[in-house]
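Here is upload.json, consisting of JSON, C-alpha atoms:
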[["chain", "number", "residue", "atom", "x", "y", "z"],
["A", 28, "MET", "CA", -46.15, 112.38, -110.45],
["A", 29, "ALA", "CA", -47.87, 109.20, -109.31],
["A", 30, "PHE", "CA", -51.44, 109.43, -108.05],
["A", 31, "ARG", "CA", -52.54, 107.10, -105.24],
["A", 32, "LEU", "CA", -56.21, 106.60, -104.48],
["A", 33, "LYS", "CA", -56.91, 106.50, -100.74],
["A", 34, "LEU", "CA", -60.34, 105.52, -99.50],
["A", 35, "VAL", "CA", -59.23, 105.83, -95.85],
["A", 36, "PRO", "CA", -56.30, 107.68, -94.27],
["A", 37, "GLU", "CA", -53.02, 105.79, -93.91],
["A", 38, "THR", "CA", -53.18, 106.21, -90.12],
["A", 39, "THR", "CA", -56.45, 105.68, -88.24],
["A", 40, "ASN", "CA", -57.23, 105.23, -84.56],
["A", 41, "ILE", "CA", -60.70, 103.72, -84.49],
["A", 42, "ASP", "CA", -61.86, 101.85, -81.41],
["A", 43, "PHE", "CA", -63.55, 98.81, -82.96],
["A", 44, "PHE", "CA", -64.57, 97.52, -79.53],
["A", 45, "ARG", "CA", -66.41, 100.65, -78.46],
["A", 46, "TRP", "CA", -69.78, 99.27, -79.54],
["A", 47, "ALA", "CA", -68.91, 95.59, -79.15],
["A", 48, "SER", "CA", -72.30, 94.74, -77.64],
["A", 49, "VAL", "CA", -73.93, 96.00, -80.85],
["A", 50, "THR", "CA", -71.40, 94.86, -83.48],
["A", 51, "PHE", "CA", -70.43, 91.48, -82.07],
["A", 52, "GLY", "CA", -73.62, 90.79, -80.10],
["A", 53, "GLY", "CA", -75.72, 91.84, -83.07],
["A", 54, "SER", "CA", -73.81, 89.47, -85.34],
["A", 55, "VAL", "CA", -74.46, 86.55, -82.98],
["A", 56, "ALA", "CA", -78.16, 87.44, -82.84],
["A", 57, "LEU", "CA", -78.39, 87.70, -86.65],
["A", 58, "VAL", "CA", -76.72, 84.30, -87.15],
["A", 59, "ILE", "CA", -79.17, 82.68, -84.70],
["A", 60, "ALA", "CA", -82.06, 84.43, -86.46],
["A", 61, "SER", "CA", -80.78, 83.20, -89.85],
["A", 62, "ILE", "CA", -80.68, 79.61, -88.61],
["A", 63, "ILE", "CA", -84.22, 79.84, -87.20],
["A", 64, "LEU", "CA", -85.44, 81.50, -90.40],
["A", 65, "SER", "CA", -83.89, 78.77, -92.56],
["A", 66, "VAL", "CA", -85.56, 76.07, -90.48],
["A", 67, "ILE", "CA", -88.99, 77.74, -90.49],
["A", 68, "MET", "CA", -89.14, 79.14, -94.03],
["A", 69, "GLY", "CA", -86.69, 76.77, -95.72],
["A", 70, "LEU", "CA", -84.78, 77.50, -98.90],
["A", 71, "ASN", "CA", -86.16, 77.97, -102.39],
["A", 72, "PHE", "CA", -84.22, 75.11, -103.97],
["A", 73, "GLY", "CA", -83.60, 75.26, -107.70],
["A", 74, "ILE", "CA", -83.67, 72.48, -110.26],
["A", 75, "ASP", "CA", -80.32, 71.08, -109.09],
["A", 76, "PHE", "CA", -81.81, 70.20, -105.70],
["A", 77, "LYS", "CA", -85.48, 69.61, -106.57],
["A", 78, "GLY", "CA", -85.07, 67.54, -109.69],
["A", 79, "GLY", "CA", -86.27, 68.30, -113.18],
["A", 80, "THR", "CA", -85.63, 67.84, -116.89],
["A", 81, "THR", "CA", -82.94, 69.28, -119.16],
["A", 82, "ILE", "CA", -83.68, 69.70, -122.88],
["A", 83, "ARG", "CA", -80.72, 70.28, -125.20],
["A", 84, "THR", "CA", -81.50, 72.40, -128.25],
["A", 85, "GLU", "CA", -79.53, 72.97, -131.44],
["A", 86, "SER", "CA", -80.15, 75.48, -134.19],
["A", 87, "THR", "CA", -78.48, 77.09, -137.18],
["A", 88, "SER", "CA", -79.67, 80.48, -135.94],
["A", 89, "PRO", "CA", -78.08, 82.33, -132.99],
["A", 90, "VAL", "CA", -79.63, 81.53, -129.61],
["A", 91, "ASP", "CA", -81.89, 84.27, -128.23],
["A", 92, "VAL", "CA", -82.25, 83.40, -124.55],
["A", 93, "GLY", "CA", -84.78, 86.19, -123.95],
["A", 94, "ALA", "CA", -87.02, 84.99, -126.78],
["A", 95, "TYR", "CA", -86.76, 81.37, -125.58],
["A", 96, "ARG", "CA", -87.74, 82.39, -122.05],
["A", 97, "ALA", "CA", -90.65, 84.50, -123.28],
["A", 98, "ALA", "CA", -91.95, 81.56, -125.33],
["A", 99, "VAL", "CA", -91.80, 79.07, -122.44],
["A", 100, "GLN", "CA", -93.05, 81.37, -119.67],
["A", 101, "PRO", "CA", -96.79, 81.21, -120.63],
["A", 102, "LEU", "CA", -96.71, 77.42, -120.08],
["A", 103, "GLY", "CA", -96.51, 78.01, -116.29],
["A", 104, "LEU", "CA", -93.81, 75.42, -115.62],
["A", 105, "GLY", "CA", -92.27, 77.20, -112.63],
["A", 106, "ASP", "CA", -88.49, 77.39, -112.44],
["A", 107, "VAL", "CA", -87.05, 77.36, -115.99],
["A", 108, "LEU", "CA", -83.37, 78.01, -116.65],
["A", 109, "ILE", "CA", -82.15, 78.72, -120.19],
["A", 110, "SER", "CA", -78.46, 79.10, -120.98],
["A", 111, "GLN", "CA", -76.39, 79.06, -124.13],
["A", 112, "VAL", "CA", -73.62, 76.48, -124.47],
["A", 113, "TYR", "CA", -70.26, 77.50, -125.91],
["A", 114, "ASP", "CA", -67.76, 74.98, -127.25],
["A", 115, "PRO", "CA", -64.80, 75.60, -129.60],
["A", 116, "THR", "CA", -65.55, 72.30, -131.35],
["A", 117, "PHE", "CA", -68.95, 73.52, -132.54],
["A", 118, "ARG", "CA", -69.47, 74.42, -136.20],
["A", 119, "GLU", "CA", -70.00, 78.07, -137.05],
["A", 120, "ASP", "CA", -73.69, 77.45, -137.68],
["A", 121, "GLN", "CA", -74.14, 75.20, -134.61],
["A", 122, "HIS", "CA", -75.84, 77.08, -131.77],
["A", 123, "VAL", "CA", -76.64, 75.07, -128.63],
["A", 124, "ALA", "CA", -78.74, 75.91, -125.58],
["A", 125, "MET", "CA", -79.86, 74.04, -122.45],
["A", 126, "VAL", "CA", -83.44, 74.42, -121.20],
["A", 127, "ARG", "CA", -83.84, 73.18, -117.62],
["A", 128, "ILE", "CA", -87.35, 72.75, -116.22],
["A", 129, "GLN", "CA", -88.10, 71.94, -112.58],
["A", 130, "ALA", "CA", -89.98, 68.77, -111.68],
["A", 131, "GLN", "CA", -93.70, 69.37, -111.64],
["A", 132, "GLU", "CA", -95.67, 68.72, -108.48],
["A", 133, "GLY", "CA", -96.50, 65.04, -108.10],
["A", 134, "ASP", "CA", -94.26, 63.95, -110.99],
["A", 135, "GLU", "CA", -90.69, 62.66, -110.76],
["A", 136, "ALA", "CA", -89.94, 63.77, -114.32],
["A", 137, "ILE", "CA", -91.49, 66.02, -116.93],
["A", 138, "THR", "CA", -94.18, 64.21, -118.88],
["A", 139, "PRO", "CA", -93.86, 63.74, -122.66],
["A", 140, "GLU", "CA", -96.86, 66.04, -123.11],
["A", 141, "ILE", "CA", -95.13, 68.94, -121.34],
["A", 142, "ILE", "CA", -91.91, 68.30, -123.26],
["A", 143, "GLY", "CA", -93.93, 68.45, -126.47],
["A", 144, "LYS", "CA", -95.44, 71.80, -125.47],
["A", 145, "VAL", "CA", -91.98, 73.22, -124.69],
["A", 146, "GLU", "CA", -90.60, 72.04, -128.01],
["A", 147, "ALA", "CA", -93.57, 73.48, -129.89],
["A", 148, "ALA", "CA", -93.15, 76.84, -128.11],
["A", 149, "LEU", "CA", -89.46, 76.97, -129.00],
["A", 150, "LYS", "CA", -90.13, 76.01, -132.61],
["A", 151, "GLY", "CA", -92.42, 79.01, -132.77],
["A", 152, "VAL", "CA", -89.37, 81.18, -132.04],
["A", 153, "ASP", "CA", -86.95, 79.29, -134.31],
["A", 154, "PRO", "CA", -88.38, 76.77, -136.83],
["A", 155, "SER", "CA", -84.90, 75.30, -137.44],
["A", 156, "ILE", "CA", -84.45, 74.25, -133.81],
["A", 157, "THR", "CA", -83.92, 70.57, -132.97],
["A", 158, "PHE", "CA", -83.85, 68.68, -129.67],
["A", 159, "PRO", "CA", -81.00, 66.13, -129.65],
["A", 160, "SER", "CA", -81.44, 65.00, -126.04],
["A", 161, "VAL", "CA", -83.79, 65.13, -123.07],
["A", 162, "GLU", "CA", -82.47, 64.14, -119.61],
["A", 163, "SER", "CA", -84.26, 63.99, -116.26],
["A", 164, "VAL", "CA", -82.90, 64.29, -112.72],
["A", 165, "GLY", "CA", -85.04, 62.58, -110.09],
["A", 166, "PRO", "CA", -85.50, 63.44, -106.39],
["A", 167, "LYS", "CA", -82.97, 60.80, -105.27],
["A", 168, "VAL", "CA", -80.12, 62.34, -107.27],
["A", 169, "SER", "CA", -81.18, 65.80, -106.11],
["A", 170, "GLY", "CA", -81.07, 64.66, -102.47],
["A", 171, "GLU", "CA", -77.56, 63.35, -102.98],
["A", 172, "LEU", "CA", -76.55, 66.71, -104.46],
["A", 173, "ILE", "CA", -77.82, 68.50, -101.34],
["A", 174, "TRP", "CA", -75.71, 66.33, -99.04],
["A", 175, "THR", "CA", -72.69, 66.67, -101.33],
["A", 176, "ALA", "CA", -73.09, 70.44, -101.25],
["A", 177, "VAL", "CA", -73.32, 70.49, -97.44],
["A", 178, "LEU", "CA", -70.27, 68.26, -97.12],
["A", 179, "SER", "CA", -68.27, 70.43, -99.51],
["A", 180, "VAL", "CA", -68.94, 73.54, -97.42],
["A", 181, "LEU", "CA", -68.14, 71.69, -94.17],
["A", 182, "ALA", "CA", -64.96, 70.22, -95.64],
["A", 183, "GLY", "CA", -63.84, 73.65, -96.83],
["A", 184, "THR", "CA", -64.45, 75.14, -93.39],
["A", 185, "ALA", "CA", -62.60, 72.30, -91.65],
["A", 186, "ALA", "CA", -59.59, 72.61, -93.96],
["A", 187, "ILE", "CA", -59.43, 76.36, -93.35],
["A", 188, "CYS", "CA", -59.66, 75.80, -89.59],
["A", 189, "PHE", "CA", -56.76, 73.31, -89.73],
["A", 190, "TYR", "CA", -54.65, 75.70, -91.79],
["A", 191, "ILE", "CA", -55.20, 78.61, -89.38],
["A", 192, "TRP", "CA", -54.45, 76.35, -86.41],
["A", 193, "LEU", "CA", -51.11, 75.33, -87.91],
["A", 194, "ARG", "CA", -50.14, 78.84, -88.99],
["A", 195, "PHE", "CA", -51.20, 80.69, -85.83],
["A", 196, "GLU", "CA", -52.76, 79.33, -82.62],
["A", 197, "TRP", "CA", -55.95, 77.44, -81.90],
["A", 198, "GLN", "CA", -57.61, 80.67, -80.67],
["A", 199, "PHE", "CA", -57.11, 82.19, -84.11],
["A", 200, "ALA", "CA", -58.59, 79.09, -85.72],
["A", 201, "VAL", "CA", -61.71, 79.36, -83.55],
["A", 202, "GLY", "CA", -62.02, 83.05, -84.41],
["A", 203, "ALA", "CA", -61.72, 82.31, -88.13],
["A", 204, "VAL", "CA", -64.32, 79.53, -88.00],
["A", 205, "VAL", "CA", -66.78, 81.70, -86.06],
["A", 206, "ALA", "CA", -66.32, 84.41, -88.72],
["A", 207, "LEU", "CA", -66.94, 81.89, -91.50],
["A", 208, "ILE", "CA", -70.06, 80.56, -89.77],
["A", 209, "HIS", "CA", -71.20, 84.18, -89.51],
["A", 210, "ASP", "CA", -70.68, 84.76, -93.26],
["A", 211, "ILE", "CA", -72.29, 81.51, -94.45],
["A", 212, "GLY", "CA", -75.12, 81.77, -91.92],
["A", 213, "LEU", "CA", -76.09, 85.30, -92.92],
["A", 214, "THR", "CA", -75.87, 84.45, -96.62],
["A", 215, "ILE", "CA", -78.16, 81.44, -96.25],
["A", 216, "GLY", "CA", -80.43, 83.52, -94.02],
["A", 217, "ILE", "CA", -80.96, 86.25, -96.61],
["A", 218, "PHE", "CA", -81.67, 83.65, -99.30],
["A", 219, "SER", "CA", -84.26, 82.10, -96.99],
["A", 220, "LEU", "CA", -85.79, 85.46, -96.03],
["A", 221, "PHE", "CA", -86.35, 86.60, -99.62],
["A", 222, "GLN", "CA", -86.86, 83.07, -100.99],
["A", 223, "LEU", "CA", -84.18, 83.56, -103.62],
["A", 224, "LYS", "CA", -83.37, 80.59, -105.81],
["A", 225, "PHE", "CA", -80.78, 78.33, -104.17],
["A", 226, "ASP", "CA", -78.90, 75.98, -106.52],
["A", 227, "LEU", "CA", -75.42, 74.65, -107.17],
["A", 228, "THR", "CA", -74.16, 78.04, -108.35],
["A", 229, "ILE", "CA", -74.95, 79.41, -104.88],
["A", 230, "ILE", "CA", -72.91, 76.59, -103.34],
["A", 231, "ALA", "CA", -70.04, 77.69, -105.58],
["A", 232, "ALA", "CA", -70.57, 81.25, -104.32],
["A", 233, "LEU", "CA", -70.51, 80.06, -100.69],
["A", 234, "LEU", "CA", -67.18, 78.29, -101.23],
["A", 235, "THR", "CA", -65.81, 81.42, -102.89],
["A", 236, "ILE", "CA", -67.02, 83.50, -99.94],
["A", 237, "LEU", "CA", -65.13, 81.16, -97.59],
["A", 238, "GLY", "CA", -61.91, 81.84, -99.46],
["A", 239, "TYR", "CA", -62.46, 85.59, -99.69],
["A", 240, "SER", "CA", -63.40, 85.98, -96.04],
["A", 241, "ILE", "CA", -60.52, 83.92, -94.68],
["A", 242, "ASN", "CA", -58.07, 85.88, -96.82],
["A", 243, "ASP", "CA", -59.20, 89.12, -95.16],
["A", 244, "THR", "CA", -59.10, 87.53, -91.72],
["A", 245, "VAL", "CA", -55.60, 86.14, -92.21],
["A", 246, "VAL", "CA", -54.30, 89.60, -93.13],
["A", 247, "VAL", "CA", -55.56, 90.94, -89.78],
["A", 248, "PHE", "CA", -54.26, 87.90, -87.88],
["A", 249, "ASP", "CA", -50.84, 88.22, -89.50],
["A", 250, "ARG", "CA", -50.55, 91.81, -88.35],
["A", 251, "LEU", "CA", -51.83, 90.88, -84.88],
["A", 252, "ARG", "CA", -49.19, 88.17, -84.55],
["A", 253, "GLU", "CA", -46.47, 90.64, -85.52],
["A", 254, "ASN", "CA", -47.76, 93.15, -82.98],
["A", 255, "LEU", "CA", -47.95, 90.51, -80.24],
["A", 256, "ILE", "CA", -44.23, 89.92, -80.68],
["A", 257, "LYS", "CA", -43.37, 93.60, -81.11],
["A", 258, "TYR", "CA", -45.41, 95.00, -78.20],
["A", 259, "LYS", "CA", -45.03, 92.44, -75.42],
["A", 260, "THR", "CA", -46.73, 94.41, -72.64],
["A", 261, "THR", "CA", -49.50, 96.19, -74.57],
["A", 262, "PRO", "CA", -53.00, 94.89, -73.68],
["A", 263, "LEU", "CA", -54.42, 92.46, -76.20],
["A", 264, "ARG", "CA", -57.47, 94.68, -76.75],
["A", 265, "ASP", "CA", -55.26, 97.55, -77.87],
["A", 266, "LEU", "CA", -53.23, 95.28, -80.15],
["A", 267, "CYS", "CA", -56.39, 94.01, -81.83],
["A", 268, "ASN", "CA", -57.49, 97.58, -82.47],
["A", 269, "LEU", "CA", -54.03, 98.54, -83.72],
["A", 270, "SER", "CA", -53.87, 95.57, -86.10],
["A", 271, "VAL", "CA", -57.26, 96.30, -87.68],
["A", 272, "ASN", "CA", -56.43, 100.01, -88.02],
["A", 273, "GLU", "CA", -53.11, 99.19, -89.71],
["A", 274, "THR", "CA", -54.80, 96.91, -92.26],
["A", 275, "LEU", "CA", -57.99, 98.98, -92.67],
["A", 276, "SER", "CA", -56.82, 100.79, -95.80],
["A", 277, "ARG", "CA", -55.98, 97.50, -97.52],
["A", 278, "THR", "CA", -59.28, 95.93, -96.42],
["A", 279, "VAL", "CA", -61.42, 98.82, -97.66],
["A", 280, "MET", "CA", -59.55, 99.07, -100.98],
["A", 281, "THR", "CA", -59.79, 95.32, -101.67],
["A", 282, "SER", "CA", -63.46, 95.08, -100.73],
["A", 283, "GLY", "CA", -64.34, 98.30, -102.53],
["A", 284, "THR", "CA", -62.80, 97.31, -105.86],
["A", 285, "THR", "CA", -64.31, 93.82, -105.62],
["A", 286, "LEU", "CA", -67.75, 95.27, -104.95],
["A", 287, "MET", "CA", -67.46, 97.63, -107.92],
["A", 288, "ALA", "CA", -67.02, 94.67, -110.25],
["A", 289, "LEU", "CA", -69.74, 92.62, -108.56],
["A", 290, "ILE", "CA", -72.31, 95.43, -108.60],
["A", 291, "ALA", "CA", -71.67, 95.96, -112.32],
["A", 292, "LEU", "CA", -72.31, 92.24, -112.90],
["A", 293, "LEU", "CA", -75.37, 92.36, -110.65],
["A", 294, "VAL", "CA", -76.90, 95.17, -112.72],
["A", 295, "PHE", "CA", -75.82, 94.19, -116.23],
["A", 296, "GLY", "CA", -75.00, 90.46, -115.95],
["A", 297, "GLY", "CA", -78.47, 89.11, -116.66],
["A", 298, "ASP", "CA", -80.67, 86.52, -114.97],
["A", 299, "VAL", "CA", -78.39, 83.53, -115.50],
["A", 300, "ILE", "CA", -75.65, 84.70, -113.10],
["A", 301, "ARG", "CA", -77.67, 87.10, -110.93],
["A", 302, "GLY", "CA", -78.10, 84.66, -108.03],
["A", 303, "PHE", "CA", -74.40, 83.83, -107.95],
["A", 304, "VAL", "CA", -73.36, 87.50, -108.14],
["A", 305, "PHE", "CA", -75.85, 88.52, -105.45],
["A", 306, "ALA", "CA", -74.49, 85.84, -103.11],
["A", 307, "MET", "CA", -70.94, 87.01, -103.82],
["A", 308, "THR", "CA", -71.83, 90.67, -103.27],
["A", 309, "TRP", "CA", -73.53, 89.96, -99.96],
["A", 310, "GLY", "CA", -70.70, 87.60, -98.99],
["A", 311, "VAL", "CA", -68.02, 90.25, -99.60],
["A", 312, "ILE", "CA", -69.92, 92.72, -97.40],
["A", 313, "VAL", "CA", -70.47, 90.34, -94.48],
["A", 314, "GLY", "CA", -67.00, 88.80, -94.96],
["A", 315, "THR", "CA", -65.34, 92.18, -94.62],
["A", 316, "TYR", "CA", -67.49, 92.95, -91.58],
["A", 317, "SER", "CA", -66.64, 89.66, -89.88],
["A", 318, "SER", "CA", -62.90, 90.19, -90.42],
["A", 319, "VAL", "CA", -63.12, 93.53, -88.62],
["A", 320, "TYR", "CA", -65.79, 92.91, -85.98],
["A", 321, "VAL", "CA", -66.09, 89.17, -85.39],
["A", 322, "ALA", "CA", -62.86, 87.18, -85.78],
["A", 323, "LYS", "CA", -60.63, 89.37, -83.57],
["A", 324, "ASN", "CA", -63.36, 89.63, -80.91],
["A", 325, "VAL", "CA", -63.30, 85.86, -80.48],
["A", 326, "VAL", "CA", -59.50, 85.92, -80.18],
["A", 327, "LEU", "CA", -59.77, 88.63, -77.53],
["A", 328, "ILE", "CA", -62.34, 86.65, -75.54],
["A", 329, "LEU", "CA", -60.24, 83.46, -75.64],
["A", 330, "GLY", "CA", -56.87, 85.18, -75.08],
["A", 331, "VAL", "CA", -53.58, 84.23, -76.76],
["A", 332, "LYS", "CA", -49.98, 83.59, -75.80],
["A", 333, "ARG", "CA", -47.66, 86.58, -75.83],
["A", 334, "ASP", "CA", -44.50, 86.23, -77.90],
["A", 335, "TRP", "CA", -45.53, 82.64, -78.74],
["A", 336, "GLY", "CA", -45.03, 80.81, -75.51],
["A", 337, "LYS", "CA", -42.93, 83.14, -73.32],
["A", 338, "LYS", "CA", -45.74, 84.73, -71.38],
["A", 339, "GLU", "CA", -49.44, 84.03, -71.06],
["A", 340, "ASP", "CA", -51.78, 86.92, -71.62],
["A", 341, "GLY", "CA", -54.24, 87.80, -68.89],
["A", 342, "PRO", "CA", -57.94, 86.95, -68.91],
["A", 343, "ALA", "CA", -58.88, 88.52, -72.22],
["A", 344, "GLY", "CA", -62.54, 87.83, -71.63],
["A", 345, "THR", "CA", -62.43, 90.15, -68.60],
["A", 346, "GLN", "CA", -60.79, 92.86, -70.73],
["A", 347, "PHE", "CA", -63.47, 92.50, -73.37],
["A", 348, "ALA", "CA", -66.33, 92.64, -70.90],
["A", 349, "ALA", "CA", -64.90, 95.56, -68.96],
["A", 350, "GLY", "CA", -63.91, 97.46, -72.11],
["A", 351, "LYS", "CA", -60.34, 98.09, -70.83]]

structure tokens encoding of this file:
Amino acid sequence: MAFRLKLVPETTNIDFFRWASVTFGGSVALVIASIILSVIMGLNFGIDFKGGTTIRTESTSPVDVGAYRAAVQPLGLGDVLISQVYDPTFREDQHVAMVRIQAQEGDEAITPEIIGKVEAALKGVDPSITFPSVESVGPKVSGELIWTAVLSVLAGTAAICFYIWLRFEWQFAVGAVVALIHDIGLTIGIFSLFQLKFDLTIIAALLTILGYSINDTVVVFDRLRENLIKYKTTPLRDLCNLSVNETLSRTVMTSGTTLMALIALLVFGGDVIRGFVFAMTWGVIVGTYSSVYVAKNVVLILGVKRDWGKKEDGPAGTQFAAGK
């Protein structure tokens, strides 16, 4: 006999608009607060955006990232990232690591004296270690990376908006974009609030969040479009509720299993990927929330065509405000 795990009942009848002033209004307030917070406190940019120096190490002994970090930490160099490099072309006794050090205050690149101290500290851990290359990234390149990162997020959002517009209606596209702004805004806001390190891996997480969130939203929109055609006289507010209830089991199961994997990585994954995994974990939570409480609310406020062009729906904004 097959066993099916159910986190929610197959049939639910939850009124997701009952506390709309709290759920939707609160989301708007939090996004505005996140923007203000990011402007006032700023972001704790990592080496990718602040500039710094990368030292490549090679050794015949296995790389011990923890020992490397412990050796460099007393030097007080600020943000130091240490990661092991894997390549199938390496020899069996060739172990490579990258040590990335942020630019020191007042200097565009790490001075030879500091590089010498880092190398001496690492040689204390592994006498066989060598340093084949040292590369520096200046503020100009870092500034270009910031703009490239911003443009990549904006381009991803614009492409998603265009796709939703073609597949559904422009009201759905606006709802999807508002949901994405909600997800990205709250993610940037929490990084600003806690001054968590913000680097290129976080940009990768933001782009991944865009894809995850829009996937959830499209599932709800697909069901809403089907219900708009099936129930031609049912109020749009009721159809929005029905569509979310019908997809709720799938939404909770998908988000729940994703979070299980992410939380395991967050706890046991180590420092190297912790920022990325935290951004993904937070993004899945707010992305699921926006699919249920944000995207469809915007569609309800704007109103949509019934049966795709046969009959215009009434003033949805009035329905939303009156709670009918």

Box for stretch 268-283 of chain A - axis-aligned, 6 Å on each of the six sides, all listed atoms - centre and size in Å to one decimal, as AutoDock Vina command-line options.
--center_x -58.7 --center_y 97.9 --center_z -92.5 --size_x 23.2 --size_y 17.7 --size_z 32.1

With only C-alpha atoms as the counted atoms, please give the residues lying no more than 10 Å from stretch 99-105 of chain A, apart from itself and same-chain residues fewer than 6 positions off, as a ChimeraX atom specification. /A:126,128-132,137,141,144-149

Please, what distance in Å, to one decimal, runs between atom CA of A:Val161 and atom CA of A:Thr80?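 Atom-to-atom, atom CA of A:Val161 to atom CA of A:Thr80, that is 7.0 Å.
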
Nearest to A:Val201: which of A:Ser54, A:Thr285, A:Ser276, A:Thr244 is it, counting all atoms listed in the file?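 That would be A:Thr244, the residue with the smallest distance to A:Val201.
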
Write out as an MDAnalysis selection string which residues come within 9 Å of stretch 287-301 of chain A when counting all atoms listed in the file, dropping same-chain ones fewer than 5 positions away. chainID A and resid 108:110 228 282 306:308

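As for atom CA of A:Pro154 and atom CA of A:Ser86, they are spaced 8.7 Å apart.
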
Using all atoms listed in the file: which of A:Leu193, A:Ala124, A:Ile82, A:Leu207 has the shortest distance to A:Ser163: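 So, comparing all the options, the nearest one is A:Ile82.
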
For A:His122, find every residue with an atom within 8 Å (counting all atoms listed in the file), except residues of its own chain fewer than 5 positions away, and show them as a PyMOL selection string. chain A and resi 85-90+111-112+117

Residue selection dump (C-alpha atoms) as a PDB file, in the frame of the given file:
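The file below, selection03.pdb, is the result:
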ATOM      1  CA  GLU A  85     -79.530  72.970-131.440  1.00  0.00           C
ATOM      2  CA  SER A  86     -80.150  75.480-134.190  1.00  0.00           C
ATOM      3  CA  THR A  87     -78.480  77.090-137.180  1.00  0.00           C
ATOM      4  CA  SER A  88     -79.670  80.480-135.940  1.00  0.00           C
ATOM      5  CA  PRO A  89     -78.080  82.330-132.990  1.00  0.00           C
ATOM      6  CA  VAL A  90     -79.630  81.530-129.610  1.00  0.00           C
ATOM      7  CA  GLN A 111     -76.390  79.060-124.130  1.00  0.00           C
ATOM      8  CA  VAL A 112     -73.620  76.480-124.470  1.00  0.00           C
ATOM      9  CA  PHE A 117     -68.950  73.520-132.540  1.00  0.00           C
TER      10      PHE A 117
END

Using atom CA of A:Ala200 and atom CA of A:Arg252 as the two end points, give the distance in Å to one decimal.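 Rounded to one decimal, the two atoms are 13.1 Å apart.
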
Residue among A:Lys323, A:Lys259, A:Arg127, A:Arg118 lying closest to A:Arg83, counting all atoms listed in the file: A:Arg127

Counting only C-alpha atoms, which of A:Trp46, A:Tyr190, A:Phe221, A:Phe248 gets nearest to A:Ser318?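 Of the candidates, the smallest distance to A:Ser318 is held by A:Phe248.
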